[in-house]
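Note: the block below is upload24.pdb and it holds PDB, C-alpha atoms, pLDDT in the B column.
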ATOM      1  CA  MET C   1     -59.978  -5.479  24.260  1.00 55.00           C
ATOM      2  CA  LYS C   2     -61.163  -3.343  21.337  1.00 48.00           C
ATOM      3  CA  ASN C   3     -64.083  -5.721  20.682  1.00 54.00           C
ATOM      4  CA  ILE C   4     -64.992  -5.714  24.364  1.00 54.00           C
ATOM      5  CA  SER C   5     -64.957  -1.912  24.425  1.00 53.00           C
ATOM      6  CA  LEU C   6     -67.210  -1.745  21.361  1.00 47.00           C
ATOM      7  CA  LEU C   7     -69.584  -4.259  22.923  1.00 51.00           C
ATOM      8  CA  CYS C   8     -69.728  -2.209  26.119  1.00 49.00           C
ATOM      9  CA  LEU C   9     -70.497   0.937  24.139  1.00 48.00           C
ATOM     10  CA  ALA C  10     -73.256  -0.843  22.206  1.00 48.00           C
ATOM     11  CA  LEU C  11     -74.766  -2.245  25.384  1.00 50.00           C
ATOM     12  CA  GLY C  12     -74.596   1.160  27.027  1.00 47.00           C
ATOM     13  CA  PHE C  13     -76.366   2.778  24.072  1.00 44.00           C
ATOM     14  CA  PHE C  14     -79.039   0.060  24.081  1.00 49.00           C
ATOM     15  CA  ALA C  15     -79.557   0.530  27.827  1.00 46.00           C
ATOM     16  CA  ALA C  16     -79.921   4.296  27.337  1.00 46.00           C
ATOM     17  CA  GLN C  17     -82.539   3.775  24.623  1.00 51.00           C
ATOM     18  CA  GLN C  18     -84.423   1.333  26.843  1.00 51.00           C
ATOM     19  CA  ALA C  19     -84.412   3.858  29.677  1.00 47.00           C
ATOM     20  CA  ILE C  20     -85.833   6.532  27.333  1.00 52.00           C
ATOM     21  CA  ALA C  21     -88.541   4.121  26.208  1.00 52.00           C
ATOM     22  CA  GLN C  22     -89.586   3.493  29.808  1.00 58.00           C
ATOM     23  CA  GLU C  23     -90.010   7.167  30.752  1.00 73.00           C
ATOM     24  CA  THR C  24     -92.809   9.424  29.498  1.00 87.00           C
ATOM     25  CA  LEU C  25     -91.864  11.550  26.493  1.00 96.00           C
ATOM     26  CA  ARG C  26     -93.499  14.955  26.926  1.00 97.00           C
ATOM     27  CA  TYR C  27     -94.291  16.697  23.653  1.00 98.00           C
ATOM     28  CA  GLY C  28     -94.560  20.495  23.600  1.00 98.00           C
ATOM     29  CA  VAL C  29     -97.390  21.577  21.276  1.00 97.00           C
ATOM     30  CA  GLU C  30     -99.145  24.791  20.197  1.00 93.00           C
ATOM     31  CA  SER C  31    -102.760  23.642  20.040  1.00 92.00           C
ATOM     32  CA  GLN C  32    -104.297  26.435  17.928  1.00 88.00           C
ATOM     33  CA  TYR C  33    -102.971  25.469  14.489  1.00 89.00           C
ATOM     34  CA  PRO C  34    -105.295  23.118  12.591  1.00 89.00           C
ATOM     35  CA  PRO C  35    -104.878  20.747  10.815  1.00 91.00           C
ATOM     36  CA  PHE C  36    -101.550  20.173  12.571  1.00 93.00           C
ATOM     37  CA  GLU C  37    -102.865  20.436  16.118  1.00 93.00           C
ATOM     38  CA  SER C  38    -106.061  21.719  17.713  1.00 93.00           C
ATOM     39  CA  ARG C  39    -108.761  20.708  20.199  1.00 93.00           C
ATOM     40  CA  ASN C  40    -112.039  19.174  19.025  1.00 93.00           C
ATOM     41  CA  ALA C  41    -115.518  19.748  20.465  1.00 92.00           C
ATOM     42  CA  GLN C  42    -114.763  17.223  23.213  1.00 94.00           C
ATOM     43  CA  GLY C  43    -111.632  19.132  24.202  1.00 93.00           C
ATOM     44  CA  GLU C  44    -109.300  16.422  22.882  1.00 95.00           C
ATOM     45  CA  LEU C  45    -106.110  17.182  21.005  1.00 96.00           C
ATOM     46  CA  GLU C  46    -106.266  16.143  17.348  1.00 96.00           C
ATOM     47  CA  GLY C  47    -104.502  16.746  14.053  1.00 96.00           C
ATOM     48  CA  PHE C  48    -101.603  15.605  11.904  1.00 96.00           C
ATOM     49  CA  ASP C  49     -98.885  16.247  14.489  1.00 97.00           C
ATOM     50  CA  ILE C  50    -100.907  14.558  17.228  1.00 97.00           C
ATOM     51  CA  ASP C  51    -101.428  11.394  15.157  1.00 98.00           C
ATOM     52  CA  LEU C  52     -97.806  11.541  14.000  1.00 98.00           C
ATOM     53  CA  GLY C  53     -96.605  11.841  17.585  1.00 98.00           C
ATOM     54  CA  LYS C  54     -98.679   8.848  18.624  1.00 97.00           C
ATOM     55  CA  ALA C  55     -97.356   6.785  15.700  1.00 98.00           C
ATOM     56  CA  ILE C  56     -93.756   7.629  16.574  1.00 97.00           C
ATOM     57  CA  CYS C  57     -94.409   6.745  20.211  1.00 97.00           C
ATOM     58  CA  ALA C  58     -95.770   3.375  19.127  1.00 96.00           C
ATOM     59  CA  ALA C  59     -92.828   2.757  16.780  1.00 96.00           C
ATOM     60  CA  GLY C  60     -90.302   3.650  19.478  1.00 96.00           C
ATOM     61  CA  HIS C  61     -92.230   2.047  22.352  1.00 95.00           C
ATOM     62  CA  PHE C  62     -92.438   5.377  24.196  1.00 95.00           C
ATOM     63  CA  ARG C  63     -95.112   6.526  26.600  1.00 95.00           C
ATOM     64  CA  CYS C  64     -96.123  10.014  25.509  1.00 95.00           C
ATOM     65  CA  SER C  65     -97.999  13.043  26.805  1.00 96.00           C
ATOM     66  CA  TRP C  66     -98.604  16.586  25.524  1.00 96.00           C
ATOM     67  CA  VAL C  67     -97.878  19.959  27.143  1.00 97.00           C
ATOM     68  CA  GLU C  68     -99.511  23.020  25.554  1.00 96.00           C
ATOM     69  CA  SER C  69     -97.627  26.251  24.908  1.00 94.00           C
ATOM     70  CA  SER C  70     -97.871  29.223  22.528  1.00 93.00           C
ATOM     71  CA  PHE C  71     -95.618  28.767  19.500  1.00 92.00           C
ATOM     72  CA  ASP C  72     -93.214  31.569  20.405  1.00 93.00           C
ATOM     73  CA  THR C  73     -92.584  30.035  23.859  1.00 96.00           C
ATOM     74  CA  LEU C  74     -91.928  26.471  22.646  1.00 97.00           C
ATOM     75  CA  ILE C  75     -88.143  26.826  22.456  1.00 97.00           C
ATOM     76  CA  PRO C  76     -87.851  28.587  25.863  1.00 97.00           C
ATOM     77  CA  GLY C  77     -90.170  25.921  27.324  1.00 98.00           C
ATOM     78  CA  LEU C  78     -87.995  23.142  25.929  1.00 98.00           C
ATOM     79  CA  MET C  79     -84.856  24.745  27.351  1.00 98.00           C
ATOM     80  CA  ALA C  80     -86.588  25.119  30.727  1.00 98.00           C
ATOM     81  CA  LYS C  81     -87.411  21.366  30.623  1.00 97.00           C
ATOM     82  CA  LYS C  82     -91.169  21.908  30.695  1.00 98.00           C
ATOM     83  CA  PHE C  83     -91.300  19.180  28.016  1.00 98.00           C
ATOM     84  CA  ASP C  84     -88.845  16.937  26.169  1.00 98.00           C
ATOM     85  CA  ALA C  85     -89.524  17.462  22.461  1.00 98.00           C
ATOM     86  CA  ILE C  86     -91.263  20.113  20.351  1.00 98.00           C
ATOM     87  CA  ASN C  87     -93.916  18.458  18.181  1.00 98.00           C
ATOM     88  CA  SER C  88     -95.631  21.449  16.590  1.00 96.00           C
ATOM     89  CA  ALA C  89     -94.893  21.811  12.854  1.00 94.00           C
ATOM     90  CA  MET C  90     -91.568  23.507  13.613  1.00 95.00           C
ATOM     91  CA  ASN C  91     -89.236  23.836  10.626  1.00 93.00           C
ATOM     92  CA  ILE C  92     -85.570  22.988  11.017  1.00 95.00           C
ATOM     93  CA  THR C  93     -83.571  26.175  10.395  1.00 92.00           C
ATOM     94  CA  ALA C  94     -79.999  27.297  11.005  1.00 91.00           C
ATOM     95  CA  ALA C  95     -81.249  30.074  13.296  1.00 91.00           C
ATOM     96  CA  ARG C  96     -83.144  27.648  15.538  1.00 95.00           C
ATOM     97  CA  MET C  97     -80.262  25.172  15.562  1.00 95.00           C
ATOM     98  CA  LYS C  98     -78.136  27.783  17.319  1.00 96.00           C
ATOM     99  CA  SER C  99     -80.343  27.188  20.369  1.00 97.00           C
ATOM    100  CA  ILE C 100     -81.673  23.644  20.036  1.00 98.00           C
ATOM    101  CA  ALA C 101     -81.164  20.375  18.173  1.00 98.00           C
ATOM    102  CA  PHE C 102     -83.639  18.579  15.923  1.00 98.00           C
ATOM    103  CA  THR C 103     -84.463  15.064  14.903  1.00 98.00           C
ATOM    104  CA  GLN C 104     -84.033  14.232  11.239  1.00 97.00           C
ATOM    105  CA  PRO C 105     -86.652  15.950   9.015  1.00 96.00           C
ATOM    106  CA  ILE C 106     -90.005  14.135   9.078  1.00 97.00           C
ATOM    107  CA  TYR C 107     -92.054  16.073   6.508  1.00 96.00           C
ATOM    108  CA  ARG C 108     -92.148  19.398   4.652  1.00 93.00           C
ATOM    109  CA  ILE C 109     -94.931  21.894   3.884  1.00 93.00           C
ATOM    110  CA  PRO C 110     -94.608  24.924   1.526  1.00 93.00           C
ATOM    111  CA  SER C 111     -95.449  28.452   2.765  1.00 95.00           C
ATOM    112  CA  MET C 112     -97.957  30.506   0.758  1.00 96.00           C
ATOM    113  CA  LEU C 113     -99.703  33.867   0.876  1.00 98.00           C
ATOM    114  CA  VAL C 114    -103.460  33.911   1.549  1.00 98.00           C
ATOM    115  CA  GLY C 115    -105.521  36.993   0.671  1.00 98.00           C
ATOM    116  CA  ARG C 116    -108.766  38.141  -0.910  1.00 97.00           C
ATOM    117  CA  ARG C 117    -109.202  36.556  -4.308  1.00 96.00           C
ATOM    118  CA  ASP C 118    -109.823  39.869  -6.118  1.00 94.00           C
ATOM    119  CA  ALA C 119    -107.337  42.104  -4.241  1.00 95.00           C
ATOM    120  CA  GLY C 120    -104.617  41.948  -6.894  1.00 95.00           C
ATOM    121  CA  LEU C 121    -101.886  40.886  -4.468  1.00 97.00           C
ATOM    122  CA  GLN C 122     -98.666  39.058  -5.320  1.00 97.00           C
ATOM    123  CA  PRO C 123     -96.381  37.189  -2.867  1.00 97.00           C
ATOM    124  CA  ASP C 124     -93.477  39.609  -3.210  1.00 97.00           C
ATOM    125  CA  ALA C 125     -92.440  43.006  -1.871  1.00 97.00           C
ATOM    126  CA  ALA C 126     -93.662  44.916  -4.930  1.00 97.00           C
ATOM    127  CA  GLY C 127     -97.061  43.223  -4.896  1.00 97.00           C
ATOM    128  CA  LEU C 128     -97.570  43.864  -1.173  1.00 98.00           C
ATOM    129  CA  LYS C 129     -96.193  47.389  -0.787  1.00 97.00           C
ATOM    130  CA  GLY C 130     -98.457  49.434   1.481  1.00 98.00           C
ATOM    131  CA  LYS C 131    -100.310  46.307   2.659  1.00 98.00           C
ATOM    132  CA  THR C 132    -100.486  44.709   6.118  1.00 98.00           C
ATOM    133  CA  ILE C 133     -99.670  41.016   6.434  1.00 98.00           C
ATOM    134  CA  GLY C 134    -100.331  38.894   9.524  1.00 98.00           C
ATOM    135  CA  VAL C 135     -98.028  36.068  10.615  1.00 98.00           C
ATOM    136  CA  LEU C 136     -97.723  33.649  13.517  1.00 95.00           C
ATOM    137  CA  GLN C 137     -95.343  35.025  16.127  1.00 94.00           C
ATOM    138  CA  GLY C 138     -92.053  33.139  16.305  1.00 92.00           C
ATOM    139  CA  SER C 139     -92.652  31.337  12.999  1.00 93.00           C
ATOM    140  CA  ILE C 140     -90.391  31.102   9.963  1.00 94.00           C
ATOM    141  CA  GLN C 141     -93.141  32.915   8.060  1.00 96.00           C
ATOM    142  CA  GLU C 142     -92.643  35.898  10.379  1.00 97.00           C
ATOM    143  CA  THR C 143     -88.870  35.800   9.748  1.00 96.00           C
ATOM    144  CA  TYR C 144     -89.381  35.555   5.986  1.00 97.00           C
ATOM    145  CA  ALA C 145     -91.916  38.402   5.820  1.00 98.00           C
ATOM    146  CA  LYS C 146     -89.832  40.706   8.010  1.00 98.00           C
ATOM    147  CA  GLN C 147     -86.680  40.084   6.002  1.00 97.00           C
ATOM    148  CA  HIS C 148     -88.085  40.033   2.455  1.00 98.00           C
ATOM    149  CA  TRP C 149     -91.130  42.318   2.666  1.00 98.00           C
ATOM    150  CA  GLU C 150     -91.024  44.679   5.638  1.00 98.00           C
ATOM    151  CA  PRO C 151     -87.969  46.698   4.447  1.00 98.00           C
ATOM    152  CA  HIS C 152     -89.870  47.489   1.231  1.00 97.00           C
ATOM    153  CA  GLY C 153     -92.979  49.106   2.702  1.00 98.00           C
ATOM    154  CA  VAL C 154     -94.992  46.092   3.835  1.00 98.00           C
ATOM    155  CA  THR C 155     -96.342  46.144   7.401  1.00 98.00           C
ATOM    156  CA  VAL C 156     -95.830  42.751   9.082  1.00 98.00           C
ATOM    157  CA  THR C 157     -97.902  42.105  12.221  1.00 98.00           C
ATOM    158  CA  ALA C 158     -97.221  39.063  14.419  1.00 97.00           C
ATOM    159  CA  TYR C 159     -99.923  37.237  16.414  1.00 96.00           C
ATOM    160  CA  GLN C 160     -99.660  34.538  19.087  1.00 91.00           C
ATOM    161  CA  ASP C 161    -102.547  32.626  17.491  1.00 90.00           C
ATOM    162  CA  GLN C 162    -103.020  32.038  13.741  1.00 93.00           C
ATOM    163  CA  ASN C 163    -106.792  32.046  14.246  1.00 93.00           C
ATOM    164  CA  GLN C 164    -106.536  35.697  15.346  1.00 96.00           C
ATOM    165  CA  VAL C 165    -104.834  36.409  12.029  1.00 97.00           C
ATOM    166  CA  TYR C 166    -107.753  34.886  10.130  1.00 97.00           C
ATOM    167  CA  ASN C 167    -110.286  36.874  12.193  1.00 97.00           C
ATOM    168  CA  ASP C 168    -108.505  40.151  11.435  1.00 98.00           C
ATOM    169  CA  MET C 169    -108.338  39.269   7.730  1.00 98.00           C
ATOM    170  CA  VAL C 170    -112.100  38.737   7.643  1.00 97.00           C
ATOM    171  CA  ALA C 171    -112.621  42.006   9.531  1.00 97.00           C
ATOM    172  CA  GLY C 172    -110.479  43.857   6.997  1.00 97.00           C
ATOM    173  CA  ARG C 173    -107.689  44.767   9.412  1.00 98.00           C
ATOM    174  CA  LEU C 174    -105.196  42.644   7.461  1.00 98.00           C
ATOM    175  CA  ASP C 175    -104.666  42.231   3.733  1.00 98.00           C
ATOM    176  CA  GLY C 176    -103.278  38.706   3.948  1.00 98.00           C
ATOM    177  CA  THR C 177    -101.249  36.134   5.821  1.00 98.00           C
ATOM    178  CA  LEU C 178     -98.162  34.079   5.048  1.00 98.00           C
ATOM    179  CA  VAL C 179     -98.832  30.588   6.342  1.00 96.00           C
ATOM    180  CA  MET C 180     -97.996  26.933   5.743  1.00 93.00           C
ATOM    181  CA  SER C 181    -100.245  25.901   2.864  1.00 93.00           C
ATOM    182  CA  ALA C 182    -101.844  22.962   4.677  1.00 91.00           C
ATOM    183  CA  ALA C 183    -102.758  25.156   7.652  1.00 91.00           C
ATOM    184  CA  GLY C 184    -104.111  27.911   5.428  1.00 94.00           C
ATOM    185  CA  ARG C 185    -106.316  25.544   3.468  1.00 92.00           C
ATOM    186  CA  SER C 186    -107.748  23.409   6.284  1.00 88.00           C
ATOM    187  CA  GLY C 187    -107.719  26.080   8.974  1.00 90.00           C
ATOM    188  CA  PHE C 188    -109.211  28.893   6.901  1.00 95.00           C
ATOM    189  CA  LEU C 189    -109.916  28.491   3.168  1.00 95.00           C
ATOM    190  CA  ALA C 190    -111.984  25.311   3.613  1.00 93.00           C
ATOM    191  CA  ARG C 191    -114.162  26.987   6.261  1.00 95.00           C
ATOM    192  CA  PRO C 192    -117.077  29.411   5.809  1.00 97.00           C
ATOM    193  CA  GLN C 193    -115.015  32.407   6.973  1.00 96.00           C
ATOM    194  CA  GLY C 194    -112.565  31.748   4.151  1.00 97.00           C
ATOM    195  CA  LYS C 195    -115.098  32.469   1.426  1.00 97.00           C
ATOM    196  CA  GLY C 196    -113.702  34.996  -1.047  1.00 97.00           C
ATOM    197  CA  PHE C 197    -110.100  34.270  -0.030  1.00 98.00           C
ATOM    198  CA  ALA C 198    -107.528  32.130  -1.857  1.00 97.00           C
ATOM    199  CA  PHE C 199    -103.856  31.246  -2.120  1.00 96.00           C
ATOM    200  CA  ILE C 200    -102.067  34.019  -3.993  1.00 97.00           C
ATOM    201  CA  GLY C 201     -99.316  33.029  -6.424  1.00 96.00           C
ATOM    202  CA  LYS C 202     -96.737  30.335  -5.820  1.00 94.00           C
ATOM    203  CA  ALA C 203     -95.047  29.202  -2.616  1.00 94.00           C
ATOM    204  CA  VAL C 204     -92.328  31.534  -1.335  1.00 96.00           C
ATOM    205  CA  GLU C 205     -88.770  30.216  -1.342  1.00 93.00           C
ATOM    206  CA  ASP C 206     -85.712  30.780   0.852  1.00 94.00           C
ATOM    207  CA  ASP C 207     -84.191  27.580   2.233  1.00 88.00           C
ATOM    208  CA  ALA C 208     -81.983  29.505   4.665  1.00 90.00           C
ATOM    209  CA  ILE C 209     -85.077  30.899   6.416  1.00 94.00           C
ATOM    210  CA  LEU C 210     -87.760  28.330   5.641  1.00 92.00           C
ATOM    211  CA  GLY C 211     -85.561  25.351   6.464  1.00 88.00           C
ATOM    212  CA  SER C 212     -85.022  21.782   5.313  1.00 84.00           C
ATOM    213  CA  GLY C 213     -88.228  20.294   6.668  1.00 94.00           C
ATOM    214  CA  ILE C 214     -90.111  19.809   9.918  1.00 96.00           C
ATOM    215  CA  GLY C 215     -88.716  17.769  12.796  1.00 97.00           C
ATOM    216  CA  PHE C 216     -88.999  17.496  16.560  1.00 98.00           C
ATOM    217  CA  GLY C 217     -87.028  20.111  18.502  1.00 98.00           C
ATOM    218  CA  LEU C 218     -84.740  18.721  21.213  1.00 98.00           C
ATOM    219  CA  ARG C 219     -82.222  19.975  23.741  1.00 98.00           C
ATOM    220  CA  LYS C 220     -78.680  19.713  22.370  1.00 97.00           C
ATOM    221  CA  ALA C 221     -77.558  17.506  25.266  1.00 97.00           C
ATOM    222  CA  ASP C 222     -80.249  14.870  24.583  1.00 97.00           C
ATOM    223  CA  ALA C 223     -78.230  12.735  22.144  1.00 96.00           C
ATOM    224  CA  GLU C 224     -79.774   9.445  23.291  1.00 96.00           C
ATOM    225  CA  ARG C 225     -83.292  10.808  22.882  1.00 97.00           C
ATOM    226  CA  LYS C 226     -82.459  12.065  19.392  1.00 97.00           C
ATOM    227  CA  ALA C 227     -81.084   8.646  18.384  1.00 97.00           C
ATOM    228  CA  ALA C 228     -84.171   6.862  19.722  1.00 97.00           C
ATOM    229  CA  LEU C 229     -86.573   9.292  18.024  1.00 97.00           C
ATOM    230  CA  ASP C 230     -84.686   9.209  14.724  1.00 97.00           C
ATOM    231  CA  ALA C 231     -84.964   5.402  14.696  1.00 97.00           C
ATOM    232  CA  ALA C 232     -88.731   5.617  15.323  1.00 97.00           C
ATOM    233  CA  ILE C 233     -89.113   8.328  12.674  1.00 97.00           C
ATOM    234  CA  ARG C 234     -87.390   6.161  10.072  1.00 97.00           C
ATOM    235  CA  LYS C 235     -89.868   3.371  10.857  1.00 97.00           C
ATOM    236  CA  VAL C 236     -92.972   5.535  10.300  1.00 97.00           C
ATOM    237  CA  GLN C 237     -91.486   6.983   7.117  1.00 96.00           C
ATOM    238  CA  GLN C 238     -90.543   3.597   5.686  1.00 95.00           C
ATOM    239  CA  ASP C 239     -93.810   1.852   6.568  1.00 96.00           C
ATOM    240  CA  GLY C 240     -95.886   4.574   4.872  1.00 96.00           C
ATOM    241  CA  THR C 241     -97.444   6.042   8.032  1.00 97.00           C
ATOM    242  CA  VAL C 242     -96.296   9.619   7.318  1.00 96.00           C
ATOM    243  CA  LYS C 243     -97.634   9.443   3.755  1.00 95.00           C
ATOM    244  CA  GLN C 244    -100.979   8.022   4.941  1.00 96.00           C
ATOM    245  CA  LEU C 245    -101.411  10.760   7.540  1.00 97.00           C
ATOM    246  CA  ALA C 246    -100.503  13.418   4.967  1.00 95.00           C
ATOM    247  CA  GLU C 247    -103.139  12.075   2.571  1.00 94.00           C
ATOM    248  CA  LYS C 248    -105.694  12.253   5.392  1.00 95.00           C
ATOM    249  CA  TYR C 249    -104.886  15.796   6.547  1.00 93.00           C
ATOM    250  CA  PHE C 250    -103.243  17.439   3.485  1.00 91.00           C
ATOM    251  CA  PRO C 251    -104.622  15.699   0.383  1.00 89.00           C
ATOM    252  CA  GLY C 252    -102.721  16.655  -2.738  1.00 84.00           C
ATOM    253  CA  ILE C 253     -99.685  18.090  -0.912  1.00 86.00           C
ATOM    254  CA  ASP C 254     -96.365  16.275  -1.290  1.00 86.00           C
ATOM    255  CA  VAL C 255     -94.772  16.280   2.183  1.00 91.00           C
ATOM    256  CA  SER C 256     -91.810  14.057   1.399  1.00 88.00           C
ATOM    257  CA  VAL C 257     -88.272  14.989   2.452  1.00 88.00           C
ATOM    258  CA  ALA C 258     -84.921  13.725   1.222  1.00 75.00           C
ATOM    259  CA  ALA C 259     -83.559  10.767   3.165  1.00 68.00           C
ATOM    260  CA  PRO C 260     -80.797  11.823   5.610  1.00 66.00           C
TER     261      PRO C 260
END
Transcribe the structure of this file into structure tokens.
Amino acid sequence: MKNISLLCLALGFFAAQQAIAQETLRYGVESQYPPFESRNAQGELEGFDIDLGKAICAAGHFRCSWVESSFDTLIPGLMAKKFDAINSAMNITAARMKSIAFTQPIYRIPSMLVGRRDAGLQPDAAGLKGKTIGVLQGSIQETYAKQHWEPHGVTVTAYQDQNQVYNDMVAGRLDGTLVMSAAGRSGFLARPQGKGFAFIGKAVEDDAILGSGIGFGLRKADAERKAALDAAIRKVQQDGTVKQLAEKYFPGIDVSVAAP
């Protein structure tokens, strides 16, 4: 009887995974954050997270679509069932896990300060006192800056769009931005508007705030979806797909995470 019960459980789990594979998996994405996700001149979504999402869909035999949302409304949108998984460079943190679940970590990107090359800034409270730093609203960079810098005389201003942060830096309304290094380099420093700007100092560190890596956000009740996505994620990590995409979009940045 015990063997029969185990077989029934296994068959039930397999049937649940098959059902998930047959339905369309709707990714929630913030499409103004190159090189992770953005729209090209033809209006098509592109970037690391878009290619990663497609690869995971192929590995898990899912049909996938994308639903756009601002970053700070991704978690409310997930809870409201506007989409099924957050695929938007969202770091796994204890604070976010109070509201939602995550897949296993897929990749990791350090967070760094960007500012004018000759401004004499440093990525700490003392080096930024009296300065104004822009961050993406709802991001771990906002949480870090408000906890570590704002109480010590640093003005932290949150924006719904990271591109608005860059525009205000160029216009002189901001002294810098705390951003994921890959986004700062490809989305700003490698472009003409980034001339005269650079990464300042080393990556900031605080695992409690910055998290254990980036995964897909899920509703806590979606255990079958998490199991199916975790299996697909392991495939694209083991076959080298994640590493290949990282070399394409973030050359020179080690995105590897510890195996769960």
Subject >> Of the listed residues C:Ser212, C:Ile106, C:Met97, C:Asp84, that which approaches Val236 (chain C) most closely, counting only C-alpha atoms >> reply: C:Ile106
First collect every listed atom of region 168-172 of chain C; then fit an axis-aligned box around them, widen it by 6 Å on each side, and give centre and edge lengths in Å to one decimal, as JSON.
{"center_x": -110.5, "center_y": 41.3, "center_z": 9.2, "size_x": 16.3, "size_y": 17.1, "size_z": 16.4}
Original post:
Given the choices C:Ala80, C:Ile200, C:Met169, C:Val179, which gets closest to Gly120 (chain C) if the distance is worked out from only C-alpha atoms?
Top reply: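 Using only C-alpha atoms, Gly120 (chain C) sits closest to C:Ile200.
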Original post:
So how many Å separate CA of Met79 (chain C) and CA of Ser65 (chain C), to one decimal?
Top reply: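 A separation of 17.6 Å between them.
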**OP:** Measure the distance from CA of Gln137 (chain C) to CA of Ala223 (chain C) in Å and round it to one decimal.
**Re:** 28.7 Å
Subject >> Within-12 Å shell of (-109.6, 41.0, -4.1) in input frame, all atoms listed in the file, as a VMD selection string >> reply: chain C and resid 114 to 122 172 175 to 176 195 to 200
**OP:** Please indicate the distance in Å from CA of Val255 (chain C) to CA of Val156 (chain C), rounded to one decimal place.
**Re:**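 These two atoms are separated by 27.4 Å.
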**OP:** Pull out every residue that the PyMOL selection byres ((chain C and resi 251) around 12) matches in the shown coordinates and put them as a list of chain:residue names.
**Re:** C:Pro35, C:Phe48, C:Ser181, C:Ala182, C:Arg185, C:Ser186, C:Lys243, C:Gln244, C:Leu245, C:Ala246, C:Glu247, C:Lys248, C:Tyr249, C:Phe250, C:Gly252, C:Ile253, C:Asp254, C:Val255
**OP:** Expand the PyMOL selection byres ((chain C and resi 58-60) around 7) into the individual residues it matches in the shown file, reporting them as a list in words.
**Re:**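 Output of the PyMOL selection byres ((chain C and resi 58-60) around 7): Ala21, Lys54, Ala55, Ile56, Cys57, His61, Phe62, Ala228, Leu229, Ala232 and Lys235 of chain C.
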**OP:** Identify all residues satisfying the PyMOL selection byres ((chain C and resi 27-30) around 10) in the given file; provide them as a PyMOL selection string.
**Re:** chain C and resi 24-26+31-34+36-38+45+49-50+53+64-75+77-78+82-90+160-161+216-217
**OP:** Using only C-alpha atoms, pick whichever of C:Arg63, C:Asp222, C:Lys98, C:Ala145 has the shortest atom-to-atom distance to Glu23 (chain C).
**Re:**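 The closest residue to Glu23 (chain C) is C:Arg63.
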Original post:
Restricting the calculation to only C-alpha atoms, which member of C:Gly211, C:Pro123, C:Pro192, C:Gly153 is positioned closest to Phe102 (chain C)?
Top reply: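 Nearest candidate to Phe102 (chain C) out of C:Gly211, C:Pro123, C:Pro192, C:Gly153: C:Gly211.
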**OP:** May I have the residues at most 12 Å from (-100.1, 35.8, 6.5) in the file's coordinates, counting only C-alpha atoms, as a ChimeraX atom specification?
**Re:** /C:111-116,123,128,131-137,139-146,149,154-159,161-169,174-181,183-184,188,198-200,204
**OP:** Pick out the residues sitting within 9 Å of Glu205 (chain C), and hand them over as an MDAnalysis selection string; count all atoms listed in the file, and ignore anything fewer than 2 positions along from it in its own chain.
**Re:** chainID C and resid 110:111 203 207 209:210
Where atoms are lacking, region 64-72 of chain C completed to N, CA, C and O atoms, as a PDB file, keeping the file's coordinate frame:
ATOM      1  N   CYS C  64     -96.158   8.602  25.875  1.00 95.00           N
ATOM      2  CA  CYS C  64     -96.123  10.014  25.509  1.00 95.00           C
ATOM      3  C   CYS C  64     -97.258  10.816  26.136  1.00 95.00           C
ATOM      4  O   CYS C  64     -98.341  10.288  26.391  1.00 95.00           O
ATOM      5  N   SER C  65     -96.986  12.095  26.347  1.00 96.00           N
ATOM      6  CA  SER C  65     -97.999  13.043  26.805  1.00 96.00           C
ATOM      7  C   SER C  65     -97.745  14.374  26.101  1.00 96.00           C
ATOM      8  O   SER C  65     -96.709  14.564  25.468  1.00 96.00           O
ATOM      9  N   TRP C  66     -98.711  15.296  26.196  1.00 96.00           N
ATOM     10  CA  TRP C  66     -98.604  16.586  25.524  1.00 96.00           C
ATOM     11  C   TRP C  66     -98.701  17.721  26.537  1.00 96.00           C
ATOM     12  O   TRP C  66     -99.516  17.680  27.462  1.00 96.00           O
ATOM     13  N   VAL C  67     -97.871  18.748  26.327  1.00 97.00           N
ATOM     14  CA  VAL C  67     -97.878  19.959  27.143  1.00 97.00           C
ATOM     15  C   VAL C  67     -98.126  21.123  26.199  1.00 97.00           C
ATOM     16  O   VAL C  67     -97.393  21.310  25.223  1.00 97.00           O
ATOM     17  N   GLU C  68     -99.157  21.921  26.458  1.00 96.00           N
ATOM     18  CA  GLU C  68     -99.511  23.020  25.554  1.00 96.00           C
ATOM     19  C   GLU C  68     -98.722  24.285  25.865  1.00 96.00           C
ATOM     20  O   GLU C  68     -98.435  24.600  27.013  1.00 96.00           O
ATOM     21  N   SER C  69     -98.389  25.011  24.782  1.00 94.00           N
ATOM     22  CA  SER C  69     -97.627  26.251  24.908  1.00 94.00           C
ATOM     23  C   SER C  69     -97.871  27.078  23.659  1.00 94.00           C
ATOM     24  O   SER C  69     -98.143  26.528  22.591  1.00 94.00           O
ATOM     25  N   SER C  70     -97.787  28.407  23.743  1.00 93.00           N
ATOM     26  CA  SER C  70     -97.871  29.223  22.528  1.00 93.00           C
ATOM     27  C   SER C  70     -96.618  28.955  21.695  1.00 93.00           C
ATOM     28  O   SER C  70     -95.564  28.576  22.228  1.00 93.00           O
ATOM     29  N   PHE C  71     -96.715  29.159  20.393  1.00 92.00           N
ATOM     30  CA  PHE C  71     -95.618  28.767  19.500  1.00 92.00           C
ATOM     31  C   PHE C  71     -94.319  29.497  19.846  1.00 92.00           C
ATOM     32  O   PHE C  71     -93.234  28.906  19.829  1.00 92.00           O
ATOM     33  N   ASP C  72     -94.427  30.795  20.166  1.00 93.00           N
ATOM     34  CA  ASP C  72     -93.214  31.569  20.405  1.00 93.00           C
ATOM     35  C   ASP C  72     -92.531  31.221  21.721  1.00 93.00           C
ATOM     36  O   ASP C  72     -91.397  31.637  21.963  1.00 93.00           O
TER      37      ASP C  72
END
